>>> print(open('model.pdb').read())   # PDB, C-alpha atoms
MODEL        1
ATOM      1  CA  MET P   1      69.799 125.594  30.660
ATOM      2  CA  ARG P   2      70.406 129.324  30.970
ATOM      3  CA  PHE P   3      73.306 130.601  33.065
ATOM      4  CA  GLU P   4      72.818 133.449  35.535
ATOM      5  CA  GLU P   5      75.481 134.838  37.828
ATOM      6  CA  LEU P   6      75.006 134.665  41.588
ATOM      7  CA  SER P   7      72.610 137.267  42.919
ATOM      8  CA  ASP P   8      73.581 139.384  45.928
ATOM      9  CA  GLU P   9      71.185 137.320  48.066
ATOM     10  CA  GLN P  10      72.740 134.034  46.916
ATOM     11  CA  TRP P  11      76.237 135.382  47.521
ATOM     12  CA  GLU P  12      75.316 136.526  51.048
ATOM     13  CA  PHE P  13      74.237 132.946  51.775
ATOM     14  CA  ILE P  14      77.339 131.327  50.248
ATOM     15  CA  GLU P  15      80.143 133.626  51.366
ATOM     16  CA  PRO P  16      80.129 132.754  55.108
ATOM     17  CA  LEU P  17      80.399 129.033  54.238
ATOM     18  CA  LEU P  18      83.659 129.480  52.335
ATOM     19  CA  PRO P  19      87.104 129.068  53.879
ATOM     20  CA  PRO P  20      88.652 132.365  55.035
ATOM     21  CA  GLN P  21      91.354 134.021  53.003
ATOM     22  CA  PRO P  22      94.844 132.943  54.088
ATOM     23  CA  ARG P  23      96.368 135.176  56.787
ATOM     24  CA  THR P  24      99.786 135.063  55.191
ATOM     25  CA  GLY P  25     100.932 134.735  51.638
ATOM     26  CA  ARG P  26      98.934 135.421  48.550
ATOM     27  CA  HIS P  27      95.175 135.899  48.803
ATOM     28  CA  ARG P  28      92.857 133.754  46.675
ATOM     29  CA  ALA P  29      91.360 135.142  43.520
ATOM     30  CA  ASP P  30      87.938 136.706  44.104
ATOM     31  CA  ASP P  31      85.654 133.909  45.318
ATOM     32  CA  ARG P  32      82.408 135.255  43.837
ATOM     33  CA  ARG P  33      83.932 135.749  40.404
ATOM     34  CA  THR P  34      85.557 132.307  40.513
ATOM     35  CA  ILE P  35      82.347 130.562  41.623
ATOM     36  CA  ASN P  36      80.452 132.286  38.820
ATOM     37  CA  GLY P  37      83.062 130.876  36.420
ATOM     38  CA  ILE P  38      82.676 127.375  37.877
ATOM     39  CA  ILE P  39      78.892 127.564  37.576
ATOM     40  CA  TYR P  40      79.215 128.865  34.008
ATOM     41  CA  VAL P  41      81.317 125.887  32.941
ATOM     42  CA  LEU P  42      79.140 123.337  34.746
ATOM     43  CA  ILE P  43      75.889 124.708  33.316
ATOM     44  CA  THR P  44      77.022 125.410  29.764
ATOM     45  CA  GLY P  45      79.229 122.347  29.470
ATOM     46  CA  CYS P  46      81.989 124.339  27.797
ATOM     47  CA  LYS P  47      85.661 123.459  28.177
ATOM     48  CA  TRP P  48      87.471 125.180  31.025
ATOM     49  CA  GLU P  49      89.654 127.086  28.574
ATOM     50  CA  ASP P  50      86.492 128.474  26.941
ATOM     51  CA  MET P  51      85.269 130.031  30.200
ATOM     52  CA  PRO P  52      84.813 133.800  29.707
ATOM     53  CA  LYS P  53      87.837 135.796  30.862
ATOM     54  CA  LYS P  54      85.685 137.969  33.144
ATOM     55  CA  TYR P  55      85.590 134.995  35.564
ATOM     56  CA  GLY P  56      89.364 134.870  35.870
ATOM     57  CA  ALA P  57      91.790 132.130  34.923
ATOM     58  CA  PRO P  58      90.182 128.807  33.990
ATOM     59  CA  VAL P  59      92.865 126.857  35.851
ATOM     60  CA  THR P  60      92.047 128.828  39.018
ATOM     61  CA  ALA P  61      88.355 127.940  38.740
ATOM     62  CA  TRP P  62      89.145 124.277  38.024
ATOM     63  CA  ARG P  63      91.561 124.036  40.961
ATOM     64  CA  ARG P  64      89.101 125.737  43.305
ATOM     65  CA  LEU P  65      86.318 123.356  42.252
ATOM     66  CA  LYS P  66      88.584 120.372  42.867
ATOM     67  CA  ARG P  67      90.082 121.592  46.155
ATOM     68  CA  TRP P  68      86.735 122.576  47.646
ATOM     69  CA  GLN P  69      85.317 119.210  46.586
ATOM     70  CA  GLU P  70      88.125 117.462  48.457
ATOM     71  CA  GLU P  71      87.582 119.707  51.506
ATOM     72  CA  GLY P  72      83.819 119.072  51.574
ATOM     73  CA  ILE P  73      82.902 122.728  50.965
ATOM     74  CA  TRP P  74      80.401 121.928  48.191
ATOM     75  CA  GLN P  75      78.774 119.159  50.264
ATOM     76  CA  ASP P  76      78.405 121.520  53.230
ATOM     77  CA  LEU P  77      76.910 124.191  50.986
ATOM     78  CA  MET P  78      74.439 121.696  49.536
ATOM     79  CA  SER P  79      73.405 120.518  53.014
ATOM     80  CA  ARG P  80      72.823 124.100  54.135
ATOM     81  CA  LEU P  81      70.775 124.832  51.015
ATOM     82  CA  GLN P  82      68.624 121.760  51.636
ATOM     83  CA  GLU P  83      68.155 122.739  55.275
ATOM     84  CA  ARG P  84      67.087 126.248  54.255
ATOM     85  CA  ALA P  85      64.687 124.892  51.639
ATOM     86  CA  TYR P  86      63.063 122.631  54.261
ATOM     87  CA  GLN P  87      62.705 125.536  56.681
ATOM     88  CA  GLU P  88      61.112 127.708  53.986
ATOM     89  CA  GLU P  89      58.873 124.776  52.964
ATOM     90  CA  LYS P  90      60.284 124.830  49.441
ATOM     91  CA  LEU P  91      61.483 121.234  49.689
ATOM     92  CA  ASN P  92      59.365 118.331  50.830
ATOM     93  CA  LEU P  93      60.463 114.741  50.464
ATOM     94  CA  ASP P  94      57.471 113.145  52.194
ATOM     95  CA  LYS P  95      56.788 111.386  48.920
ATOM     96  CA  ALA P  96      59.673 110.238  46.789
ATOM     97  CA  ILE P  97      60.127 107.673  44.063
ATOM     98  CA  ILE P  98      63.375 105.855  43.494
ATOM     99  CA  ASP P  99      63.828 104.026  40.236
ATOM    100  CA  SER P 100      66.864 101.957  39.435
ATOM    101  CA  SER P 101      68.003  99.016  37.454
ATOM    102  CA  THR P 102      70.647  96.569  38.525
ATOM    103  CA  ILE P 103      72.643  94.464  36.146
ATOM    104  CA  ALA P 104      75.024  91.881  37.504
ATOM    105  CA  ALA P 105      78.595  92.446  36.381
ATOM    106  CA  LYS P 106      80.225  89.043  36.174
ATOM    107  CA  LYS P 107      83.987  89.029  36.277
ATOM    108  CA  GLY P 108      85.932  86.112  34.999
ATOM    109  CA  VAL P 109      82.970  84.059  33.849
ATOM    110  CA  ARG P 110      84.109  81.008  31.887
ATOM    111  CA  GLN P 111      82.307  80.344  28.675
TER     112      GLN P 111
ENDMDL
END
>>> encode(input="model.pdb", output="structure tokens")
Amino acid sequence: MRFEELSDEQWEFIEPLLPPQPRTGRHRADDRRTINGIIYVLITGCKWEDMPKKYGAPVTAWRRLKRWQEEGIWQDLMSRLQERAYQEEKLNLDKAIIDSSTIAAKKGVRQ
């Protein structure tokens, strides 16, 4: 899969959903640059330390991914994207197929 940085349109959609910068203390590293780094790692599958330097410190991107996961930021963003796709008729789940397999996991079975 090919990686592309966030477009201006995508960033305009995402930015208002992010937590505000702290009022006191040190400001966060640039959100757009950091998110581009996170997306780069997730799409390419590279190690965090191999993330290009133009996206900032790898540990910053990793921590932001983890913290925003814990805070529900990514889930909220995904919900808003789905809602927008429905409204623009780009997503339609009237017909869906679910396929799964279940295998019983037996603990402590005597033989």
>>> resolve_selection(input="model.pdb", expression="the PyMOL selection byres ((chain P and resi 2) around 8)", output="list in words")
Met1, Phe3, Glu4, Ile43 and Thr44 of chain P
>>> residues_near_point(input="model.pdb", point="(80.6, 126.5, 32.8)", cutoff="12 Å", atoms="only C-alpha atoms", output="NGL selection string")
:P and (1-5 or 34-53 or 55 or 58 or 61-62 or 65)
>>> resolve_selection(input="model.pdb", expression="the PyMOL selection byres ((chain P and resi 17-33) around 8)", output="CSV table (one decimal) with C-alpha atoms, in the frame of the given file")
chain,number,residue,atom,x,y,z
P,6,LEU,CA,75.0,134.7,41.6
P,11,TRP,CA,76.2,135.4,47.5
P,13,PHE,CA,74.2,132.9,51.8
P,14,ILE,CA,77.3,131.3,50.2
P,15,GLU,CA,80.1,133.6,51.4
P,16,PRO,CA,80.1,132.8,55.1
P,34,THR,CA,85.6,132.3,40.5
P,35,ILE,CA,82.3,130.6,41.6
P,36,ASN,CA,80.5,132.3,38.8
P,37,GLY,CA,83.1,130.9,36.4
P,54,LYS,CA,85.7,138.0,33.1
P,55,TYR,CA,85.6,135.0,35.6
P,56,GLY,CA,89.4,134.9,35.9
P,60,THR,CA,92.0,128.8,39.0
P,73,ILE,CA,82.9,122.7,51.0
P,76,ASP,CA,78.4,121.5,53.2
P,77,LEU,CA,76.9,124.2,51.0
>>> atom_distance(input="model.pdb", atom1="CA of Ala85 (chain P)", atom2="CA of Glu70 (chain P)")
24.8 Å
>>> axis_aligned_box(input="model.pdb", around="region 7-14 of chain P", padding_each_side="4 Å", output="AutoDock Vina command-line options")
--center_x 74.3 --center_y 135.4 --center_z 47.3 --size_x 14.2 --size_y 16.1 --size_z 16.9
>>> atom_distance(input="model.pdb", atom1="CA of Glu89 (chain P)", atom2="CA of Gln69 (chain P)")
27.8 Å
>>> residues_around(input="model.pdb", residues="region 92-96 of chain P", least_positions_apart="6", cutoff="12 Å", atoms="all atoms listed in the file", output="JSON, numbers by chain")
{"P": [82, 83, 84, 85, 86]}
>>> write_last_selection(input="model.pdb", atoms="C-alpha atoms", output="PDB file, in the coordinates of the input")
ATOM      1  CA  GLN P  82      68.624 121.760  51.636  1.00  0.00           C
ATOM      2  CA  GLU P  83      68.155 122.739  55.275  1.00  0.00           C
ATOM      3  CA  ARG P  84      67.087 126.248  54.255  1.00  0.00           C
ATOM      4  CA  ALA P  85      64.687 124.892  51.639  1.00  0.00           C
ATOM      5  CA  TYR P  86      63.063 122.631  54.261  1.00  0.00           C
TER       6      TYR P  86
END
>>> atom_distance(input="model.pdb", atom1="CA of Ser101 (chain P)", atom2="CA of Trp74 (chain P)")
28.2 Å
